[in-house]
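Enquirer: Supplied in structure tokens, the structure appears directly below.
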Amino acid sequence: MVCSLIWPWMATASSIDEASLARTPPMGWNSWNHFGADVTDADIRHAADALVASGMAAAGYRYVIIDDGWQGQRDAQGAMHPNAKFPDMKALADYVHGKGLKFGIYSSPGPQTCAGYGGSLGHEAQDARTYASWGVDYLKYDLCSFRRSMDGQSDTAQTAMMKAAYRLMRQSLDATGRPIVFALCNYGWGRVWEWGAEVGGNLWRTTDDIQPNYESILFNAGAQQGLERFAGPGHWNDADMLEIGNKGMDSPDMERTHMTLWALLAAPLIAGNDLSKMSADTRDVLTNAEVLAVDQDVRGTPGRRVMQEGPIQIWARTLADGTQAVGIINTLNHSLTAKLDLHALGLSSPVPARDLWQHRDLGSLDSKHVFDVPSLGVVMLKLGASKR
Ligand code: GAL
């Protein structure tokens, strides 16, 4: 008698709707920005615990992602095993799933990852099957040493090589029948935003690595300018993981600026701090429901910088209910006042306004209204009457 075992995720490959995997920008936590390659099984369990205990899970953060540093050796059959820091990957995934969360992992299309661990080159289908058997729901696939094989090739040839490598892993993931979010990480090379969705990416990094300082936050946000049209439900520009709560993010105002920009950009929100030691301020920044609602807006249209006057930047995003989310960013290390030109924003005046960080209705405002914007801080507003 032939006995077949059917797991719930064992649908046919063709039944996976890749775009439905990330209808809104993925939210979660990744080990890299705080733990680096030293990450352990215990760190991941503590992160999952803290995600739930802090209220972040309830606020929408779902994916717990192990970045670089989990890989051990391949066995005689070529299967990748975790290193001694991760004694049982399936048990760890079960633990994360048991908390109502999703489980993510990391690899590279090259022979080595960026931290020098084994990559997936030549083992794509096998690795995808291994991940599915562990219960992986999200894969970050980082170019790293694959770049060496691109050396000396024309730009066109390099782009074709990256596309083929990412498509191969997407197909391998789909062949397992398990729905797995696919996060492309190639630092924006080859204008990845133009082909990331085509090769099955649900998100793609557009820049080099973020750092825990104000300049890096502003730089990464600014580098999204002009990329709005490439993102939408199912496929997102990734401005990199959050640095909120990490050393170097010196004030809640800086953290609010980081969060405001990522929400206006419809960027994935992947926290990168030590959740078990987070301050109340950091938790509040990460879990502000009105700000998260902007990031997760179902229309999925990223915003952009619409104005810059000296140190003041105005960013705006149109939301599904017809209102506009607006960020007034002060890049000066001193508080400033600013006004909003409602006409330039396409709004009639006066306009109903709500302060999203403060959870406060401001009544109807006109273009003469003066906002106080703190040093390296932000005022985030929702403007207009909901058309829903
Ligand atoms: C970098 C990547 C980082 C992190 C690191 C791990 O290339 O941009 O986000 O994944 O590799 O080695």
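To be explicit about the labels: the chains of the structure tokens are called A, B, and onward in the order shown, and within each one the residues are counted from 1, while ligands get numbers from 1 in the order they are shown.
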Using only C-alpha atoms and all ligand atoms, I'd like a table of the residues in chain A that come within 10 Å of ligand 1; for each, show the closest atom pair and its distance in Å rounded to one decimal, ordered by chain and ascending number, as a Markdown table.
Expert:
| residue | atom | partner | partner_atom_place_in_ligand_line | distance |
| --- | --- | --- | --- | --- |
| A:Asn30 | CA | ligand 1 | 10 (O) | 9.1 |
| A:Ser31 | CA | ligand 1 | 10 (O) | 9.0 |
| A:Trp32 | CA | ligand 1 | 4 (C) | 6.0 |
| A:Asn33 | CA | ligand 1 | 9 (O) | 7.5 |
| A:Gly36 | CA | ligand 1 | 6 (C) | 7.1 |
| A:Ala37 | CA | ligand 1 | 12 (O) | 7.0 |
| A:Ile66 | CA | ligand 1 | 10 (O) | 9.4 |
| A:Asp67 | CA | ligand 1 | 10 (O) | 5.7 |
| A:Asp68 | CA | ligand 1 | 6 (C) | 4.8 |
| A:Gly69 | CA | ligand 1 | 12 (O) | 7.6 |
| A:Tyr106 | CA | ligand 1 | 10 (O) | 7.5 |
| A:Ser107 | CA | ligand 1 | 10 (O) | 8.7 |
| A:Ser108 | CA | ligand 1 | 7 (O) | 9.3 |
| A:Gln112 | CA | ligand 1 | 12 (O) | 9.8 |
| A:Thr113 | CA | ligand 1 | 12 (O) | 6.2 |
| A:Cys114 | CA | ligand 1 | 12 (O) | 4.0 |
| A:Ala115 | CA | ligand 1 | 12 (O) | 4.3 |
| A:Gly116 | CA | ligand 1 | 12 (O) | 7.7 |
| A:Tyr117 | CA | ligand 1 | 12 (O) | 8.7 |
| A:Lys140 | CA | ligand 1 | 10 (O) | 7.8 |
| A:Tyr141 | CA | ligand 1 | 10 (O) | 8.5 |
| A:Asp142 | CA | ligand 1 | 7 (O) | 6.0 |
| A:Leu143 | CA | ligand 1 | 7 (O) | 7.1 |
| A:Cys144 | CA | ligand 1 | 7 (O) | 5.9 |
| A:Ser145 | CA | ligand 1 | 7 (O) | 9.5 |
| A:Cys185 | CA | ligand 1 | 8 (O) | 6.5 |
| A:Asn186 | CA | ligand 1 | 8 (O) | 7.5 |
| A:Tyr187 | CA | ligand 1 | 8 (O) | 6.7 |
| A:Arg205 | CA | ligand 1 | 8 (O) | 8.0 |
| A:Thr207 | CA | ligand 1 | 8 (O) | 8.4 |
| A:Asp208 | CA | ligand 1 | 8 (O) | 6.2 |
| A:Asp209 | CA | ligand 1 | 8 (O) | 4.9 |
| A:Ile210 | CA | ligand 1 | 9 (O) | 7.8 |
| A:Asp240 | CA | ligand 1 | 9 (O) | 7.2 |
| A:Met241 | CA | ligand 1 | 9 (O) | 7.5 |
Enquirer: Would you list, as a compact mmCIF listing (two decimals) with C-alpha atoms, in the first residue's frame, the residues of stretch 32-263 of chain A that end up in helix (DSSP H, G or I) under DSSP run on this structure's backbone?
Expert:
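After the write, part_22.txt holds the following:
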# COMPACT_ATOMS: atom_id res chain seq x y z
CA TRP A 32 21.47 41.10 12.34
CA ASN A 33 21.40 44.74 13.45
CA HIS A 34 21.89 43.85 17.10
CA PHE A 35 23.34 40.32 17.37
CA GLY A 36 25.30 40.05 14.11
CA ALA A 37 26.75 36.62 13.36
CA ASP A 38 26.89 35.75 17.10
CA ASP A 41 18.93 29.78 19.36
CA ALA A 42 18.29 31.40 22.76
CA ASP A 43 18.42 34.92 21.23
CA ILE A 44 15.74 33.92 18.73
CA ARG A 45 13.51 32.41 21.42
CA HIS A 46 13.92 35.51 23.59
CA ALA A 47 13.07 37.71 20.64
CA ALA A 48 9.90 35.71 19.96
CA ASP A 49 8.94 35.91 23.65
CA ALA A 50 9.56 39.66 23.75
CA LEU A 51 7.71 40.27 20.50
CA VAL A 52 4.60 38.89 22.16
CA ALA A 53 5.17 40.35 25.66
CA MET A 56 4.71 44.20 19.07
CA ALA A 57 3.16 40.96 17.81
CA ALA A 58 -0.31 42.34 18.48
CA ALA A 59 0.73 45.52 16.63
CA MET A 89 16.14 24.29 13.74
CA LYS A 90 12.78 22.53 13.40
CA ALA A 91 12.22 22.77 17.16
CA LEU A 92 13.12 26.46 17.05
CA ALA A 93 10.66 27.09 14.20
CA ASP A 94 7.99 25.18 16.14
CA TYR A 95 8.68 27.40 19.15
CA VAL A 96 8.28 30.56 17.07
CA HIS A 97 5.13 29.21 15.39
CA GLY A 98 3.79 28.23 18.81
CA GLU A 124 19.12 25.83 -4.25
CA ALA A 125 16.38 23.20 -4.56
CA GLN A 126 17.83 21.14 -1.72
CA ASP A 127 18.09 24.15 0.59
CA ALA A 128 14.56 25.25 -0.25
CA ARG A 129 13.31 21.78 0.70
CA THR A 130 15.31 21.88 3.92
CA TYR A 131 13.85 25.28 4.83
CA ALA A 132 10.31 24.07 4.08
CA SER A 133 10.86 20.96 6.22
CA TRP A 134 11.93 23.18 9.13
CA PHE A 146 27.85 35.74 -5.84
CA ARG A 147 29.34 39.12 -6.78
CA ARG A 148 32.69 37.42 -7.48
CA SER A 149 31.18 35.45 -10.35
CA MET A 150 29.91 38.73 -11.83
CA ASP A 155 26.31 45.56 -16.54
CA THR A 156 23.69 43.82 -18.67
CA ALA A 157 25.28 40.42 -18.13
CA GLN A 158 25.61 41.06 -14.37
CA THR A 159 21.94 41.95 -14.11
CA ALA A 160 20.96 38.85 -16.08
CA MET A 161 23.07 36.72 -13.69
CA MET A 162 21.41 38.20 -10.62
CA LYS A 163 17.95 37.79 -12.11
CA ALA A 164 18.62 34.14 -12.92
CA ALA A 165 20.00 33.46 -9.43
CA TYR A 166 17.05 35.04 -7.66
CA ARG A 167 14.50 33.44 -10.00
CA LEU A 168 16.07 30.03 -9.40
CA MET A 169 15.58 30.32 -5.65
CA ARG A 170 12.03 31.66 -6.02
CA GLN A 171 11.19 28.64 -8.19
CA SER A 172 12.87 26.32 -5.71
CA LEU A 173 10.85 27.81 -2.83
CA ASP A 174 7.62 27.53 -4.79
CA ALA A 175 8.39 23.92 -5.70
CA TRP A 189 22.61 46.59 -7.75
CA GLY A 190 21.41 46.34 -11.34
CA ARG A 191 18.42 48.56 -10.53
CA VAL A 192 16.78 45.67 -8.70
CA TRP A 193 13.54 47.65 -8.28
CA GLU A 194 12.98 47.23 -12.04
CA TYR A 214 20.69 59.77 11.90
CA GLU A 215 22.69 60.35 8.70
CA SER A 216 22.23 56.74 7.62
CA ILE A 217 18.47 56.88 8.24
CA LEU A 218 18.13 60.06 6.15
CA PHE A 219 20.41 58.68 3.45
CA ASN A 220 18.49 55.42 3.09
CA ALA A 221 15.16 57.22 3.05
CA GLY A 222 16.41 59.72 0.45
CA GLU A 228 7.74 54.75 -5.58
CA ARG A 229 6.30 53.40 -8.80
CA PHE A 230 8.11 50.08 -8.51
CA PRO A 252 13.02 59.20 20.75
CA ASP A 253 12.78 62.09 18.24
CA MET A 254 15.35 60.42 15.99
CA GLU A 255 13.53 57.12 16.39
CA ARG A 256 10.21 58.75 15.48
CA THR A 257 11.84 60.27 12.38
CA HIS A 258 13.10 56.80 11.33
CA MET A 259 9.66 55.26 11.84
CA THR A 260 7.81 58.11 10.14
CA LEU A 261 9.97 57.89 7.02
CA TRP A 262 9.65 54.10 6.76
CA ALA A 263 5.85 54.33 7.23
Enquirer: Kindly indicate which residue among A:Trp70, A:Tyr61, A:Phe182, A:Phe371 lies nearest to A:Gly118, using only C-alpha atoms for the distances.
Expert: A:Trp70
Enquirer: Using only C-alpha atoms, which of A:Pro374, A:Gly100, A:Gly152, A:Gly119 sits nearest A:His81?
Expert: A:Gly119
Enquirer: Within 12 Å of A:Ile314, counting only C-alpha atoms, which residues show up once you throw out same-chain ones fewer than 2 positions away? Write them as a PyMOL selection string, please.
Expert: chain A and resi 222+257+260-261+264+303-312+316-317+325-331+338-342+344-345+373+378-381
Enquirer: Quick one: residues within 10 Å of A:Gly234, only C-alpha atoms counted, chain neighbours fewer than 2 positions away excluded, as number ranges by chain?
Expert: A: 17-26, 181, 197, 200-203, 231-232, 236, 300
Enquirer: Keeping only N, CA and C atoms, take the residues you just selected and write them out as a tab-separated table (two decimals), in the first residue's frame.
Expert:
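Generated output (out_38.tsv):
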chain	number	residue	atom	x	y	z
A	17	ASP	N	0.40	31.95	-4.70
A	17	ASP	CA	0.25	33.28	-5.28
A	17	ASP	C	1.31	34.15	-4.60
A	18	GLU	N	2.45	34.34	-5.29
A	18	GLU	CA	3.58	35.02	-4.65
A	18	GLU	C	3.21	36.41	-4.15
A	19	ALA	N	2.39	37.12	-4.94
A	19	ALA	CA	2.05	38.49	-4.56
A	19	ALA	C	1.21	38.54	-3.29
A	20	SER	N	0.45	37.48	-3.02
A	20	SER	CA	-0.40	37.52	-1.84
A	20	SER	C	0.39	37.29	-0.55
A	21	LEU	N	1.68	36.95	-0.69
A	21	LEU	CA	2.50	36.68	0.49
A	21	LEU	C	2.80	37.94	1.28
A	22	ALA	N	2.74	39.07	0.64
A	22	ALA	CA	3.09	40.33	1.32
A	22	ALA	C	2.19	41.44	0.77
A	23	ARG	N	0.90	41.30	1.00
A	23	ARG	CA	-0.05	42.32	0.48
A	23	ARG	C	0.30	43.70	1.04
A	24	THR	N	0.76	43.71	2.28
A	24	THR	CA	1.26	44.95	2.88
A	24	THR	C	2.73	44.70	3.25
A	25	PRO	N	3.52	45.74	3.49
A	25	PRO	CA	4.95	45.53	3.75
A	25	PRO	C	5.17	44.59	4.95
A	26	PRO	N	6.03	43.57	4.79
A	26	PRO	CA	6.26	42.64	5.90
A	26	PRO	C	6.73	43.36	7.16
A	181	VAL	N	7.85	34.03	1.96
A	181	VAL	CA	8.16	35.40	1.54
A	181	VAL	C	9.62	35.43	1.10
A	197	ALA	N	10.21	42.30	-8.72
A	197	ALA	CA	8.89	41.63	-8.72
A	197	ALA	C	8.84	40.54	-9.78
A	200	GLY	N	10.03	37.32	-8.73
A	200	GLY	CA	9.30	36.73	-7.60
A	200	GLY	C	9.68	37.27	-6.23
A	201	GLY	N	10.39	38.39	-6.20
A	201	GLY	CA	10.74	39.00	-4.91
A	201	GLY	C	9.53	39.70	-4.29
A	202	ASN	N	9.36	39.54	-2.99
A	202	ASN	CA	8.31	40.27	-2.29
A	202	ASN	C	8.82	41.59	-1.73
A	203	LEU	N	10.14	41.69	-1.60
A	203	LEU	CA	10.79	42.93	-1.20
A	203	LEU	C	12.23	42.87	-1.67
A	231	ALA	N	7.00	49.86	-6.34
A	231	ALA	CA	6.49	49.10	-5.19
A	231	ALA	C	4.98	49.10	-5.17
A	232	GLY	N	4.41	48.12	-4.51
A	232	GLY	CA	2.97	48.03	-4.35
A	232	GLY	C	2.64	46.71	-3.68
A	236	TRP	N	7.84	45.19	-2.51
A	236	TRP	CA	8.14	46.44	-1.82
A	236	TRP	C	9.61	46.84	-1.93
A	300	GLY	N	-1.21	50.76	-0.67
A	300	GLY	CA	0.15	50.32	-0.99
A	300	GLY	C	0.93	51.25	-1.87
Enquirer: Excluding A:His359 and its own-chain neighbours fewer than 5 positions away, which residues fall within 12 Å of it when counting only C-alpha atoms? Please give them as a CSV table (one decimal) with all heavy atoms, in the first residue's frame.
Expert:
chain,number,residue,atom,x,y,z
A,288,ASN,N,3.3,52.4,17.8
A,288,ASN,CA,2.3,53.4,17.6
A,288,ASN,C,1.3,53.0,16.5
A,288,ASN,O,1.7,52.9,15.3
A,288,ASN,CB,2.9,54.7,17.3
A,288,ASN,CG,1.8,55.8,17.2
A,288,ASN,OD1,0.9,55.7,16.4
A,288,ASN,ND2,2.0,56.9,17.9
A,289,ALA,N,0.1,52.6,16.9
A,289,ALA,CA,-0.9,52.0,15.9
A,289,ALA,C,-1.2,52.9,14.8
A,289,ALA,O,-1.4,52.5,13.6
A,289,ALA,CB,-2.2,51.6,16.7
A,290,GLU,N,-1.3,54.2,15.0
A,290,GLU,CA,-1.7,55.1,13.9
A,290,GLU,C,-0.6,55.3,12.9
A,290,GLU,O,-0.8,55.5,11.7
A,290,GLU,CB,-2.1,56.5,14.5
A,290,GLU,CG,-3.4,56.4,15.3
A,290,GLU,CD,-4.0,57.7,15.7
A,290,GLU,OE1,-4.2,58.6,14.8
A,290,GLU,OE2,-4.2,58.0,16.9
A,291,VAL,N,0.7,55.2,13.4
A,291,VAL,CA,1.8,55.3,12.4
A,291,VAL,C,1.9,54.0,11.7
A,291,VAL,O,2.1,54.0,10.4
A,291,VAL,CB,3.1,55.6,13.2
A,291,VAL,CG1,4.3,55.6,12.3
A,291,VAL,CG2,3.0,57.0,13.9
A,353,ALA,N,-7.0,68.0,10.5
A,353,ALA,CA,-5.7,67.4,10.7
A,353,ALA,C,-5.7,66.6,12.0
A,353,ALA,O,-6.3,67.0,13.0
A,353,ALA,CB,-4.7,68.5,10.8
A,354,ARG,N,-4.9,65.6,12.0
A,354,ARG,CA,-4.7,64.8,13.2
A,354,ARG,C,-3.2,64.5,13.4
A,354,ARG,O,-2.5,64.2,12.4
A,354,ARG,CB,-5.4,63.4,13.1
A,354,ARG,CG,-5.3,62.6,14.3
A,354,ARG,CD,-6.3,61.4,14.3
A,354,ARG,NE,-6.0,60.5,15.4
A,354,ARG,CZ,-6.5,60.6,16.6
A,354,ARG,NH1,-7.2,61.7,17.0
A,354,ARG,NH2,-6.2,59.7,17.6
A,379,VAL,N,7.1,65.9,12.9
A,379,VAL,CA,5.6,66.0,13.2
A,379,VAL,C,5.0,65.1,12.1
A,379,VAL,O,5.3,65.3,10.9
A,379,VAL,CB,5.1,67.4,13.2
A,379,VAL,CG1,3.6,67.4,13.2
A,379,VAL,CG2,5.7,68.3,14.3
A,380,MET,N,4.1,64.2,12.5
A,380,MET,CA,3.5,63.3,11.5
A,380,MET,C,2.0,63.5,11.6
A,380,MET,O,1.4,63.4,12.7
A,380,MET,CB,3.8,61.9,11.8
A,380,MET,CG,3.4,61.0,10.6
A,380,MET,SD,3.8,59.3,10.9
A,380,MET,CE,3.3,58.5,9.3
A,381,LEU,N,1.4,63.9,10.5
A,381,LEU,CA,0.0,64.2,10.4
A,381,LEU,C,-0.8,63.4,9.4
A,381,LEU,O,-0.2,62.8,8.5
A,381,LEU,CB,-0.1,65.7,9.9
A,381,LEU,CG,0.6,66.7,10.7
A,381,LEU,CD1,0.7,68.0,9.8
A,381,LEU,CD2,0.0,67.0,12.0
A,382,LYS,N,-2.1,63.3,9.7
A,382,LYS,CA,-3.0,62.8,8.7
A,382,LYS,C,-3.9,64.0,8.3
A,382,LYS,O,-4.5,64.6,9.2
A,382,LYS,CB,-3.8,61.6,9.3
A,382,LYS,CG,-4.7,60.9,8.3
A,382,LYS,CD,-5.1,59.6,8.9
A,382,LYS,CE,-6.2,59.0,7.9
A,382,LYS,NZ,-6.3,57.6,8.0
Enquirer: Where does DSSP see strand (DSSP E or B) in stretch 82-316 of chain A, if you list the residues as an MDAnalysis selection string?
Expert: chainID A and resid 82 102:107 112 118 138:142 181:185 203:205 232 235:238 269:271 304:309 312:316
Enquirer: Quick check, in Å to one decimal: how far apart do atom CA of A:Leu101 and atom CA of A:Asp321 lie?
Expert: 29.1 Å
Enquirer: What does the structure give for the distance between atom CA of A:Thr301 and atom CA of A:Val199, in Å to one decimal?
Expert: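 Straight-line distance from atom CA of A:Thr301 to atom CA of A:Val199 works out to 20.8 Å.
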Enquirer: Out of A:Thr318, A:Gln296, A:Gln225, A:Gln211, which residue has the shortest atom-to-atom distance to A:Asn246 when counting only C-alpha atoms?
Expert: A:Gln211
Enquirer: Name the residues in contact with A:Arg388 at a cut-off of 9 Å, using only C-alpha atoms, excluding same-chain residues fewer than 2 positions from it; report them as a PyMOL selection string.
Expert: chain A and resi 320-322+385-386
Enquirer: Okay, now the selection with N, CA, C and O atoms, as a PDB file, in the first residue's frame?
Expert:
ATOM      1  N   ALA A 320      -5.458  54.997   1.352  1.00  0.00           N
ATOM      2  CA  ALA A 320      -6.629  54.384   0.703  1.00  0.00           C
ATOM      3  C   ALA A 320      -7.911  55.163   0.963  1.00  0.00           C
ATOM      4  O   ALA A 320      -8.822  55.154   0.124  1.00  0.00           O
ATOM      5  N   ASP A 321      -8.020  55.838   2.102  1.00  0.00           N
ATOM      6  CA  ASP A 321      -9.274  56.547   2.412  1.00  0.00           C
ATOM      7  C   ASP A 321      -9.288  57.960   1.834  1.00  0.00           C
ATOM      8  O   ASP A 321     -10.163  58.760   2.156  1.00  0.00           O
ATOM      9  N   GLY A 322      -8.298  58.280   0.992  1.00  0.00           N
ATOM     10  CA  GLY A 322      -8.267  59.579   0.326  1.00  0.00           C
ATOM     11  C   GLY A 322      -7.551  60.657   1.130  1.00  0.00           C
ATOM     12  O   GLY A 322      -7.343  61.765   0.623  1.00  0.00           O
ATOM     13  N   ALA A 385     -10.364  64.675   5.087  1.00  0.00           N
ATOM     14  CA  ALA A 385     -11.466  63.897   5.636  1.00  0.00           C
ATOM     15  C   ALA A 385     -11.501  62.552   4.933  1.00  0.00           C
ATOM     16  O   ALA A 385     -11.359  62.482   3.714  1.00  0.00           O
ATOM     17  N   SER A 386     -11.655  61.505   5.719  1.00  0.00           N
ATOM     18  CA  SER A 386     -11.688  60.168   5.137  1.00  0.00           C
ATOM     19  C   SER A 386     -12.877  60.044   4.185  1.00  0.00           C
ATOM     20  O   SER A 386     -13.991  60.427   4.515  1.00  0.00           O
TER      21      SER A 386
END
Enquirer: Have a look at A:Leu347, A:Val298, A:Leu292, A:Ile244 and name the one nearest to A:Met278; count only C-alpha atoms.
Expert: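 Selected residue with least distance to A:Met278: A:Ile244.
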